[in-house]
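To keep things clear, I will list the structure first and then write my remarks on it.
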Amino acid sequence: MSHVAHSTNSKPAAEPGVKITTSATIFLLAGLALLVVAPLFFYPIFLMKLLCFALFACAFNLLLGYTGLLSFGHATFFGGAAYFTAHAAKVWGWTPELAVLLGVVGAALLGLVMGFVAIRRQGIYFAMITLALSQMFFFFCLQAGFTQGEDGIQQVPRGYLLGFIDLSVSTNMYYFVLGVFVIGLVIIWRFINSPFGMILKSIRENEARATSLGYSVAHYKLGAFVMSAALAGLAGGVKSLVFQFATLTDVAWQMSGEVILMTLLGGIGTLIGPIFGAGLVVTLQNYLATSDFPVTIITGVVFMVCVLLFRRGIIGEFYASRVGRWLGFEHRH
Amino acid sequence: MTMIFGIPIQAFLGQLLIGLINGSFYALLSLGLAVIFGLLRVINFAHGAQYMLGAFVALLLLQYFGINYWLALIVAPVIVGVLGAIIERTMLSRLYKLDHLYGLLFTFGLALTIEGTFRYLYGAAGQPYSVPSALAGGTNLGFMFLPIYRGWVVVISLIACIGTWLLIEKTKLGSYLRAATENAVLVQAFGVNVPLLLTFTYGFGAALAAFAGVLAAPIYQVSPLMGSNLIIVVFAVVVVGGMGSIMGAIITGYMLGITEGLTKVFYPEASNIVIFVIMAIVLLIRPAGLFGRDA
């Protein structure tokens, strides 16, 4: 089973995360500094939305980019966690950090169940199975009582972080989201550079060989699936606090498609690619929200163009370019 | 009133008929998916959009050219089939060398584009397409009332399914197709134009979806989103059946349609998800699918 980002004529960029170069460190610090001062220049809700989706895309990429599994059902974890967090914060009155934690745990459990069924098949089948199971969860959310059906859970209180930081203050909320985002990224970075992550990459490159070396491929895949689901849940839970609602939009298949697009656009299998992909997609959506031109058409066309001409994504192309190589982002082969 | 399992028999048979009709569409669509996948190794995500296109083309042909249902039943699939062939030739064919997932992603983008465009042009609301006069009305079978059009849909889709099966299993063209599925390079070495065969196959699959769309137009409303939810169910059908066999796709389609219909009688809350539940169970017991060969 070859892998989506590693086929004959689409070699992705080498992963700079393994060996952090000087230029990568500089970029990283500059990016972080920008995010810290960003609320001075941009609308905080927009930035928080961006960070949530960026984390969601990174979590998704953990599975597609590093394990070679294309999940078409990640909306389940994102939207499911949004529901759990919203319910815990609103109905049970939990503090935000506990509510988000519940979302993460819930998403991980959903990931365990979906992963257990889906890893029985590979490649295209895996994609179709995750899509079907995710649609099943959608119908569940449509009918279950606690999700409030078509209305969704509205007016979720942001509450007080650790009991004393008022998150209804926009600035506080922003730095909370930024903190969660950074923690999420650090977890992902640690994960893919751990021995576990190395084995995942070997599965992506050659599943049969990984099996023959004695690795229980199914267990590793399931582990990666649960990890990715939990992190997607982290993004979804925080998102429900940012917008103060959780609705069916978050669990619909279009959401799964969106996160695939973000990852593809930014660069499959690059650590920071999905962040840029998410940034572009969210900006585009914000821009088009005021016009009556449907986002779907643009999303669809961008999808087709990316697949046909631009499979490395923005960051992948940058790594492979002359400037990228000069800066030390080596391109494999 | 006659009862069966504590349910009035009319309600039971009524849901059975609805199940049979849904099953007809599942069978036609999963058949097209299986034919395309067999040769191209591409999961055609745009299949739902092509089904919707079939219904829309029939509606537009009627509105602008006064072309009736019977002619549309032939013309609409031809138009959609040709469009499909063009897309295969110009774009999809560039992706065969790559991982199959790219084909899925490409056709996903195609589906979004087509559906988004029609939604932009015609709105999300459904438009009615009237039943052709020759098939209007219904007939009393004694034990239930059968709308003639619905009976027609069941019969004609069964004919289309069996016809496709015969085309693939019993004709010369079908034998090329099966041979190319097994070993495309060898078949090409024997002088068969395999790229043309691929284009034809994709066009044929798209036409089959459009045919189902025209059949569906008088039953469901013609709307830009009529295909997108259906295609996910059809994916589950395909997973259950396994894409190894054409007949398997047909049988699974009808079987799951009927199961879904019966679930509506006995436990309506689960009718939306019963196919997905069956899919999960089949995967746990027999990962290759009921008729699948590859594990």
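Here's how to read the names in the structure tokens: chain A, B, ... by the order shown, residue numbers from 1 in each chain, ligand numbers from 1 in the order shown.
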_When DSSP is applied to the backbone of this structure, which of segment 25-203 of chain B are assigned strand (DSSP E or B)? Write them out as a PyMOL selection string._
chain B and resi 127+138-140+145-147
Show me, as an mmCIF file with all heavy atoms, in the first residue's frame, the residues of chain B whose atoms get within 8 Å of chain A, using only C-alpha atoms for the distance check.
```
data_model
loop_
_atom_site.group_PDB
_atom_site.id
_atom_site.type_symbol
_atom_site.label_atom_id
_atom_site.label_comp_id
_atom_site.auth_asym_id
_atom_site.auth_seq_id
_atom_site.Cartn_x
_atom_site.Cartn_y
_atom_site.Cartn_z
ATOM 1 N N ILE B 43 -12.258 5.485 -6.676
ATOM 2 C CA ILE B 43 -13.585 5.570 -6.080
ATOM 3 C C ILE B 43 -14.184 6.880 -6.527
ATOM 4 O O ILE B 43 -13.643 7.944 -6.259
ATOM 5 C CB ILE B 43 -13.502 5.527 -4.538
ATOM 6 C CG1 ILE B 43 -13.372 4.093 -4.092
ATOM 7 C CG2 ILE B 43 -14.751 6.096 -3.918
ATOM 8 C CD1 ILE B 43 -14.601 3.273 -4.346
ATOM 9 N N MET B 91 -8.532 15.173 -17.088
ATOM 10 C CA MET B 91 -7.994 15.370 -15.743
ATOM 11 C C MET B 91 -7.734 14.067 -14.978
ATOM 12 O O MET B 91 -6.635 13.823 -14.525
ATOM 13 C CB MET B 91 -8.954 16.258 -14.939
ATOM 14 C CG MET B 91 -9.022 17.655 -15.487
ATOM 15 S SD MET B 91 -10.082 18.725 -14.508
ATOM 16 C CE MET B 91 -11.535 18.786 -15.517
ATOM 17 N N ARG B 94 -4.744 11.703 -15.473
ATOM 18 C CA ARG B 94 -3.396 12.089 -15.024
ATOM 19 C C ARG B 94 -3.059 11.506 -13.663
ATOM 20 O O ARG B 94 -1.921 11.575 -13.221
ATOM 21 C CB ARG B 94 -3.306 13.611 -14.911
ATOM 22 C CG ARG B 94 -3.431 14.313 -16.224
ATOM 23 C CD ARG B 94 -3.765 15.782 -15.997
ATOM 24 N NE ARG B 94 -4.209 16.380 -17.235
ATOM 25 C CZ ARG B 94 -3.377 16.962 -18.099
ATOM 26 N NH1 ARG B 94 -2.107 17.032 -17.806
ATOM 27 N NH2 ARG B 94 -3.825 17.462 -19.218
ATOM 28 N N LEU B 95 -4.068 10.972 -12.978
ATOM 29 C CA LEU B 95 -3.856 10.567 -11.588
ATOM 30 C C LEU B 95 -3.651 9.059 -11.417
ATOM 31 O O LEU B 95 -3.414 8.592 -10.317
ATOM 32 C CB LEU B 95 -5.051 10.999 -10.730
ATOM 33 C CG LEU B 95 -5.336 12.493 -10.721
ATOM 34 C CD1 LEU B 95 -6.633 12.795 -9.992
ATOM 35 C CD2 LEU B 95 -4.194 13.245 -10.059
ATOM 36 N N LYS B 97 -1.300 7.071 -12.135
ATOM 37 C CA LYS B 97 0.018 6.620 -11.680
ATOM 38 C C LYS B 97 0.202 6.829 -10.183
ATOM 39 O O LYS B 97 1.077 6.252 -9.574
ATOM 40 C CB LYS B 97 1.113 7.399 -12.426
ATOM 41 C CG LYS B 97 1.251 7.003 -13.886
ATOM 42 C CD LYS B 97 2.189 7.962 -14.587
ATOM 43 C CE LYS B 97 1.635 9.347 -14.496
ATOM 44 N NZ LYS B 97 2.129 10.337 -15.429
ATOM 45 N N LEU B 98 -0.632 7.698 -9.617
ATOM 46 C CA LEU B 98 -0.452 8.058 -8.213
ATOM 47 C C LEU B 98 -1.239 7.122 -7.309
ATOM 48 O O LEU B 98 -1.951 6.244 -7.763
ATOM 49 C CB LEU B 98 -0.939 9.487 -7.987
ATOM 50 C CG LEU B 98 -0.347 10.539 -8.906
ATOM 51 C CD1 LEU B 98 -1.051 11.848 -8.683
ATOM 52 C CD2 LEU B 98 1.136 10.694 -8.628
ATOM 53 N N ASP B 99 -1.113 7.370 -6.010
ATOM 54 C CA ASP B 99 -1.915 6.633 -5.049
ATOM 55 C C ASP B 99 -3.402 6.825 -5.361
ATOM 56 O O ASP B 99 -3.836 7.895 -5.761
ATOM 57 C CB ASP B 99 -1.604 7.173 -3.641
ATOM 58 C CG ASP B 99 -2.191 6.287 -2.573
ATOM 59 O OD1 ASP B 99 -3.416 6.219 -2.471
ATOM 60 O OD2 ASP B 99 -1.405 5.647 -1.857
ATOM 61 N N HIS B 100 -4.177 5.752 -5.146
ATOM 62 C CA HIS B 100 -5.598 5.808 -5.499
ATOM 63 C C HIS B 100 -6.366 6.853 -4.708
ATOM 64 O O HIS B 100 -7.441 7.277 -5.106
ATOM 65 C CB HIS B 100 -6.243 4.443 -5.271
ATOM 66 C CG HIS B 100 -5.534 3.351 -5.998
ATOM 67 N ND1 HIS B 100 -5.075 3.512 -7.284
ATOM 68 C CD2 HIS B 100 -5.182 2.103 -5.636
ATOM 69 C CE1 HIS B 100 -4.472 2.407 -7.662
ATOM 70 N NE2 HIS B 100 -4.514 1.535 -6.677
ATOM 71 N N LEU B 101 -5.799 7.237 -3.553
ATOM 72 C CA LEU B 101 -6.514 8.216 -2.738
ATOM 73 C C LEU B 101 -6.645 9.551 -3.466
ATOM 74 O O LEU B 101 -7.590 10.293 -3.249
ATOM 75 C CB LEU B 101 -5.790 8.409 -1.402
ATOM 76 C CG LEU B 101 -5.864 7.210 -0.464
ATOM 77 C CD1 LEU B 101 -5.019 7.444 0.756
ATOM 78 C CD2 LEU B 101 -7.304 6.928 -0.054
ATOM 79 N N TYR B 102 -5.698 9.855 -4.354
ATOM 80 C CA TYR B 102 -5.790 11.118 -5.097
ATOM 81 C C TYR B 102 -7.009 11.130 -6.010
ATOM 82 O O TYR B 102 -7.640 12.172 -6.216
ATOM 83 C CB TYR B 102 -4.518 11.370 -5.905
ATOM 84 C CG TYR B 102 -3.385 11.886 -5.068
ATOM 85 C CD1 TYR B 102 -2.221 11.156 -4.906
ATOM 86 C CD2 TYR B 102 -3.490 13.114 -4.430
ATOM 87 C CE1 TYR B 102 -1.185 11.627 -4.125
ATOM 88 C CE2 TYR B 102 -2.456 13.595 -3.650
ATOM 89 C CZ TYR B 102 -1.296 12.846 -3.501
ATOM 90 O OH TYR B 102 -0.289 13.329 -2.722
ATOM 91 N N LEU B 104 -9.804 9.670 -5.346
ATOM 92 C CA LEU B 104 -10.926 9.932 -4.437
ATOM 93 C C LEU B 104 -11.022 11.424 -4.130
ATOM 94 O O LEU B 104 -12.086 12.028 -4.191
ATOM 95 C CB LEU B 104 -10.737 9.129 -3.152
ATOM 96 C CG LEU B 104 -11.781 9.297 -2.063
ATOM 97 C CD1 LEU B 104 -13.057 8.589 -2.447
ATOM 98 C CD2 LEU B 104 -11.289 8.765 -0.739
ATOM 99 N N LEU B 105 -9.858 12.028 -3.824
ATOM 100 C CA LEU B 105 -9.858 13.443 -3.473
ATOM 101 C C LEU B 105 -10.258 14.304 -4.670
ATOM 102 O O LEU B 105 -11.011 15.273 -4.534
ATOM 103 C CB LEU B 105 -8.472 13.862 -2.967
ATOM 104 C CG LEU B 105 -8.059 13.255 -1.635
ATOM 105 C CD1 LEU B 105 -6.654 13.673 -1.259
ATOM 106 C CD2 LEU B 105 -9.032 13.669 -0.540
ATOM 107 N N PHE B 106 -9.778 13.935 -5.851
ATOM 108 C CA PHE B 106 -10.125 14.704 -7.045
ATOM 109 C C PHE B 106 -11.631 14.663 -7.296
ATOM 110 O O PHE B 106 -12.268 15.690 -7.509
ATOM 111 C CB PHE B 106 -9.380 14.171 -8.266
ATOM 112 C CG PHE B 106 -9.821 14.819 -9.541
ATOM 113 C CD1 PHE B 106 -9.343 16.067 -9.895
ATOM 114 C CD2 PHE B 106 -10.745 14.197 -10.373
ATOM 115 C CE1 PHE B 106 -9.776 16.692 -11.058
ATOM 116 C CE2 PHE B 106 -11.185 14.811 -11.528
ATOM 117 C CZ PHE B 106 -10.696 16.056 -11.867
ATOM 118 N N THR B 107 -12.203 13.451 -7.245
ATOM 119 C CA THR B 107 -13.628 13.348 -7.531
ATOM 120 C C THR B 107 -14.456 13.982 -6.412
ATOM 121 O O THR B 107 -15.563 14.455 -6.651
ATOM 122 C CB THR B 107 -14.053 11.886 -7.758
ATOM 123 O OG1 THR B 107 -13.573 11.083 -6.692
ATOM 124 C CG2 THR B 107 -13.531 11.355 -9.060
ATOM 125 N N PHE B 108 -13.896 14.016 -5.203
ATOM 126 C CA PHE B 108 -14.574 14.737 -4.112
ATOM 127 C C PHE B 108 -14.673 16.226 -4.459
ATOM 128 O O PHE B 108 -15.734 16.842 -4.345
ATOM 129 C CB PHE B 108 -13.816 14.535 -2.794
ATOM 130 C CG PHE B 108 -14.396 15.281 -1.626
ATOM 131 C CD1 PHE B 108 -15.633 14.940 -1.113
ATOM 132 C CD2 PHE B 108 -13.710 16.330 -1.045
ATOM 133 C CE1 PHE B 108 -16.174 15.627 -0.036
ATOM 134 C CE2 PHE B 108 -14.238 17.027 0.034
ATOM 135 C CZ PHE B 108 -15.469 16.669 0.535
ATOM 136 N N GLY B 109 -13.547 16.783 -4.918
ATOM 137 C CA GLY B 109 -13.548 18.190 -5.340
ATOM 138 C C GLY B 109 -14.511 18.420 -6.494
ATOM 139 O O GLY B 109 -15.239 19.419 -6.519
ATOM 140 N N LEU B 110 -14.529 17.475 -7.419
ATOM 141 C CA LEU B 110 -15.444 17.574 -8.566
ATOM 142 C C LEU B 110 -16.893 17.605 -8.084
ATOM 143 O O LEU B 110 -17.705 18.420 -8.538
ATOM 144 C CB LEU B 110 -15.209 16.370 -9.486
ATOM 145 C CG LEU B 110 -16.019 16.298 -10.763
ATOM 146 C CD1 LEU B 110 -15.690 17.464 -11.670
ATOM 147 C CD2 LEU B 110 -15.760 14.976 -11.484
ATOM 148 N N ALA B 111 -17.205 16.724 -7.136
ATOM 149 C CA ALA B 111 -18.572 16.668 -6.606
ATOM 150 C C ALA B 111 -18.947 17.997 -5.952
ATOM 151 O O ALA B 111 -20.036 18.535 -6.193
ATOM 152 C CB ALA B 111 -18.694 15.518 -5.598
ATOM 153 N N LEU B 112 -18.031 18.542 -5.143
ATOM 154 C CA LEU B 112 -18.316 19.821 -4.483
ATOM 155 C C LEU B 112 -18.554 20.914 -5.523
ATOM 156 O O LEU B 112 -19.461 21.736 -5.386
ATOM 157 C CB LEU B 112 -17.150 20.226 -3.580
ATOM 158 C CG LEU B 112 -16.937 19.438 -2.300
ATOM 159 C CD1 LEU B 112 -15.752 20.015 -1.538
ATOM 160 C CD2 LEU B 112 -18.174 19.468 -1.422
ATOM 161 N N THR B 113 -17.729 20.913 -6.570
ATOM 162 C CA THR B 113 -17.848 21.953 -7.590
ATOM 163 C C THR B 113 -19.192 21.859 -8.304
ATOM 164 O O THR B 113 -19.896 22.864 -8.475
ATOM 165 C CB THR B 113 -16.709 21.807 -8.623
ATOM 166 O OG1 THR B 113 -15.476 21.686 -7.928
ATOM 167 C CG2 THR B 113 -16.662 22.998 -9.544
ATOM 168 N N ILE B 114 -19.556 20.649 -8.726
ATOM 169 C CA ILE B 114 -20.813 20.477 -9.462
ATOM 170 C C ILE B 114 -21.997 20.855 -8.577
ATOM 171 O O ILE B 114 -22.879 21.627 -8.975
ATOM 172 C CB ILE B 114 -20.960 19.010 -9.941
ATOM 173 C CG1 ILE B 114 -19.860 18.662 -10.936
ATOM 174 C CG2 ILE B 114 -22.328 18.802 -10.585
ATOM 175 C CD1 ILE B 114 -19.845 17.195 -11.331
ATOM 176 N N GLU B 115 -21.992 20.332 -7.349
ATOM 177 C CA GLU B 115 -23.128 20.600 -6.466
ATOM 178 C C GLU B 115 -23.210 22.076 -6.084
ATOM 179 O O GLU B 115 -24.298 22.657 -6.063
ATOM 180 C CB GLU B 115 -23.036 19.718 -5.216
ATOM 181 C CG GLU B 115 -23.493 18.305 -5.521
ATOM 182 C CD GLU B 115 -23.176 17.304 -4.413
ATOM 183 O OE1 GLU B 115 -22.571 17.706 -3.401
ATOM 184 O OE2 GLU B 115 -23.530 16.140 -4.588
ATOM 185 N N GLY B 116 -22.041 22.656 -5.813
ATOM 186 C CA GLY B 116 -22.013 24.079 -5.481
ATOM 187 C C GLY B 116 -22.544 24.927 -6.620
ATOM 188 O O GLY B 116 -23.315 25.863 -6.416
ATOM 189 N N THR B 117 -22.162 24.581 -7.847
ATOM 190 C CA THR B 117 -22.606 25.349 -9.014
ATOM 191 C C THR B 117 -24.124 25.270 -9.173
ATOM 192 O O THR B 117 -24.790 26.286 -9.375
ATOM 193 C CB THR B 117 -21.925 24.813 -10.284
ATOM 194 O OG1 THR B 117 -20.524 24.786 -10.071
ATOM 195 C CG2 THR B 117 -22.246 25.691 -11.474
ATOM 196 N N TYR B 120 -25.853 27.241 -6.558
ATOM 197 C CA TYR B 120 -25.748 28.666 -6.841
ATOM 198 C C TYR B 120 -26.771 29.073 -7.896
ATOM 199 O O TYR B 120 -27.435 30.097 -7.810
ATOM 200 C CB TYR B 120 -24.324 28.973 -7.312
ATOM 201 C CG TYR B 120 -24.047 30.432 -7.544
ATOM 202 C CD1 TYR B 120 -24.266 31.371 -6.545
ATOM 203 C CD2 TYR B 120 -23.551 30.867 -8.768
ATOM 204 C CE1 TYR B 120 -23.996 32.702 -6.759
ATOM 205 C CE2 TYR B 120 -23.274 32.209 -8.985
ATOM 206 C CZ TYR B 120 -23.507 33.117 -7.976
ATOM 207 O OH TYR B 120 -23.244 34.453 -8.183
ATOM 208 N N ILE B 232 -23.003 8.614 0.344
ATOM 209 C CA ILE B 232 -22.348 8.069 1.533
ATOM 210 C C ILE B 232 -22.954 6.706 1.884
ATOM 211 O O ILE B 232 -22.246 5.765 2.224
ATOM 212 C CB ILE B 232 -22.462 9.054 2.709
ATOM 213 C CG1 ILE B 232 -21.798 10.374 2.308
ATOM 214 C CG2 ILE B 232 -21.803 8.489 3.951
ATOM 215 C CD1 ILE B 232 -21.875 11.438 3.361
ATOM 216 N N VAL B 233 -24.291 6.605 1.762
ATOM 217 C CA VAL B 233 -24.944 5.320 1.999
ATOM 218 C C VAL B 233 -24.447 4.297 0.971
ATOM 219 O O VAL B 233 -24.169 3.140 1.312
ATOM 220 C CB VAL B 233 -26.474 5.471 1.917
ATOM 221 C CG1 VAL B 233 -27.150 4.137 2.140
ATOM 222 C CG2 VAL B 233 -26.971 6.478 2.923
ATOM 223 N N PHE B 235 -21.612 4.233 -0.480
ATOM 224 C CA PHE B 235 -20.264 3.815 -0.074
ATOM 225 C C PHE B 235 -20.347 2.674 0.926
ATOM 226 O O PHE B 235 -19.616 1.686 0.832
ATOM 227 C CB PHE B 235 -19.492 4.978 0.555
ATOM 228 C CG PHE B 235 -18.850 5.887 -0.447
ATOM 229 C CD1 PHE B 235 -18.139 6.995 -0.043
ATOM 230 C CD2 PHE B 235 -18.945 5.630 -1.809
ATOM 231 C CE1 PHE B 235 -17.539 7.838 -0.959
ATOM 232 C CE2 PHE B 235 -18.352 6.470 -2.737
ATOM 233 C CZ PHE B 235 -17.655 7.577 -2.302
ATOM 234 N N ALA B 236 -21.256 2.823 1.899
ATOM 235 C CA ALA B 236 -21.415 1.767 2.903
ATOM 236 C C ALA B 236 -21.871 0.478 2.226
ATOM 237 O O ALA B 236 -21.388 -0.611 2.547
ATOM 238 C CB ALA B 236 -22.409 2.200 3.973
ATOM 239 N N VAL B 239 -18.941 -1.093 0.649
ATOM 240 C CA VAL B 239 -18.055 -1.722 1.627
ATOM 241 C C VAL B 239 -18.635 -3.065 2.068
ATOM 242 O O VAL B 239 -17.916 -4.052 2.215
ATOM 243 C CB VAL B 239 -17.828 -0.796 2.845
ATOM 244 C CG1 VAL B 239 -17.078 -1.522 3.944
ATOM 245 C CG2 VAL B 239 -17.063 0.440 2.427
ATOM 246 N N ASN B 272 -32.172 5.423 9.705
ATOM 247 C CA ASN B 272 -31.106 6.200 9.063
ATOM 248 C C ASN B 272 -29.748 5.525 9.167
ATOM 249 O O ASN B 272 -28.875 5.746 8.336
ATOM 250 C CB ASN B 272 -30.985 7.569 9.744
ATOM 251 C CG ASN B 272 -32.022 8.534 9.232
ATOM 252 O OD1 ASN B 272 -32.462 8.404 8.092
ATOM 253 N ND2 ASN B 272 -32.422 9.475 10.054
ATOM 254 N N ILE B 273 -29.572 4.762 10.233
ATOM 255 C CA ILE B 273 -28.218 4.288 10.499
ATOM 256 C C ILE B 273 -28.066 2.788 10.300
ATOM 257 O O ILE B 273 -26.963 2.267 10.404
ATOM 258 C CB ILE B 273 -27.743 4.667 11.924
ATOM 259 C CG1 ILE B 273 -28.650 4.024 12.970
ATOM 260 C CG2 ILE B 273 -27.678 6.156 12.096
ATOM 261 C CD1 ILE B 273 -28.069 4.115 14.372
ATOM 262 N N PHE B 276 -25.291 1.599 8.082
ATOM 263 C CA PHE B 276 -23.949 1.808 8.635
ATOM 264 C C PHE B 276 -23.636 0.778 9.715
ATOM 265 O O PHE B 276 -22.500 0.305 9.826
ATOM 266 C CB PHE B 276 -23.822 3.225 9.188
ATOM 267 C CG PHE B 276 -24.109 4.285 8.175
ATOM 268 C CD1 PHE B 276 -25.072 5.244 8.397
ATOM 269 C CD2 PHE B 276 -23.429 4.309 6.972
ATOM 270 C CE1 PHE B 276 -25.349 6.216 7.459
ATOM 271 C CE2 PHE B 276 -23.692 5.282 6.023
ATOM 272 C CZ PHE B 276 -24.658 6.230 6.264
ATOM 273 N N ALA B 280 -20.592 -1.929 9.801
ATOM 274 C CA ALA B 280 -19.630 -2.149 10.879
ATOM 275 C C ALA B 280 -19.590 -3.624 11.269
ATOM 276 O O ALA B 280 -18.508 -4.195 11.465
ATOM 277 C CB ALA B 280 -19.997 -1.283 12.092
ATOM 278 N N LEU B 283 -17.791 -5.650 8.678
ATOM 279 C CA LEU B 283 -16.344 -5.420 8.737
ATOM 280 C C LEU B 283 -15.694 -6.204 9.868
ATOM 281 O O LEU B 283 -14.564 -6.677 9.740
ATOM 282 C CB LEU B 283 -16.057 -3.937 8.920
ATOM 283 C CG LEU B 283 -16.128 -3.120 7.649
ATOM 284 C CD1 LEU B 283 -16.091 -1.653 7.980
ATOM 285 C CD2 LEU B 283 -14.974 -3.482 6.733
ATOM 286 N N LEU B 284 -16.436 -6.332 10.988
ATOM 287 C CA LEU B 284 -15.856 -7.041 12.123
ATOM 288 C C LEU B 284 -15.804 -8.544 11.848
ATOM 289 O O LEU B 284 -14.881 -9.227 12.270
ATOM 290 C CB LEU B 284 -16.667 -6.761 13.392
ATOM 291 C CG LEU B 284 -16.602 -5.314 13.887
ATOM 292 C CD1 LEU B 284 -17.488 -5.120 15.096
ATOM 293 C CD2 LEU B 284 -15.170 -4.928 14.221
ATOM 294 N N PRO B 287 -13.995 -8.831 6.983
ATOM 295 C CA PRO B 287 -13.475 -7.535 6.529
ATOM 296 C C PRO B 287 -13.487 -7.349 5.010
ATOM 297 O O PRO B 287 -13.586 -6.218 4.545
ATOM 298 C CB PRO B 287 -12.039 -7.530 7.057
ATOM 299 C CG PRO B 287 -12.061 -8.461 8.201
ATOM 300 C CD PRO B 287 -13.068 -9.516 7.877
ATOM 301 N N ALA B 288 -13.407 -8.404 4.242
ATOM 302 C CA ALA B 288 -13.347 -8.234 2.788
ATOM 303 C C ALA B 288 -14.718 -7.916 2.191
ATOM 304 O O ALA B 288 -14.839 -7.652 1.009
ATOM 305 C CB ALA B 288 -12.770 -9.479 2.133
ATOM 306 N N ALA B 295 -8.589 -9.130 0.750
ATOM 307 C CA ALA B 295 -8.760 -9.009 2.198
ATOM 308 C C ALA B 295 -8.308 -7.639 2.683
ATOM 309 O O ALA B 295 -7.613 -6.957 1.999
ATOM 310 C CB ALA B 295 -7.964 -10.075 2.922
#
```
Quick one: of B:Ser93, B:Thr252, B:Asn193, B:Ser130, who's nearest to Leu215 of chain B, counting only C-alpha atoms?
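Looking at the shortest contact to Leu215 of chain B, the residue is B:Ser130.
One distance worth recording is that between atom CA of Ile7 of chain B and atom CA of Val265 of chain B, which is 7.7 Å.
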- Query: Leaving out Phe243 of chain A and any residue of its chain fewer than 2 positions from it, which residues lie within 9 Å of it when counting only C-alpha atoms, given as a PyMOL selection string?
  - Reply: chain A and resi 45+49+155-156+238-241+245-246
Checklist entry - Suppose you want the space between atom CA of Tyr254 of chain B and atom CA of Thr181 of chain B; what is it in Å? => result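 The value is 25.3 Å.
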Pick out the residues sitting within 12 Å of Ile159 of chain B, and hand them over as a ChimeraX atom specification; count only C-alpha atoms, and ignore anything fewer than 5 positions along from it in its own chain. /B:24,27-28,152-154,164-167,250
Could you write out, as a count of residues only, all the residues of segment 76-260 of chain A that DSSP marks as helix (DSSP H, G or I)? 138
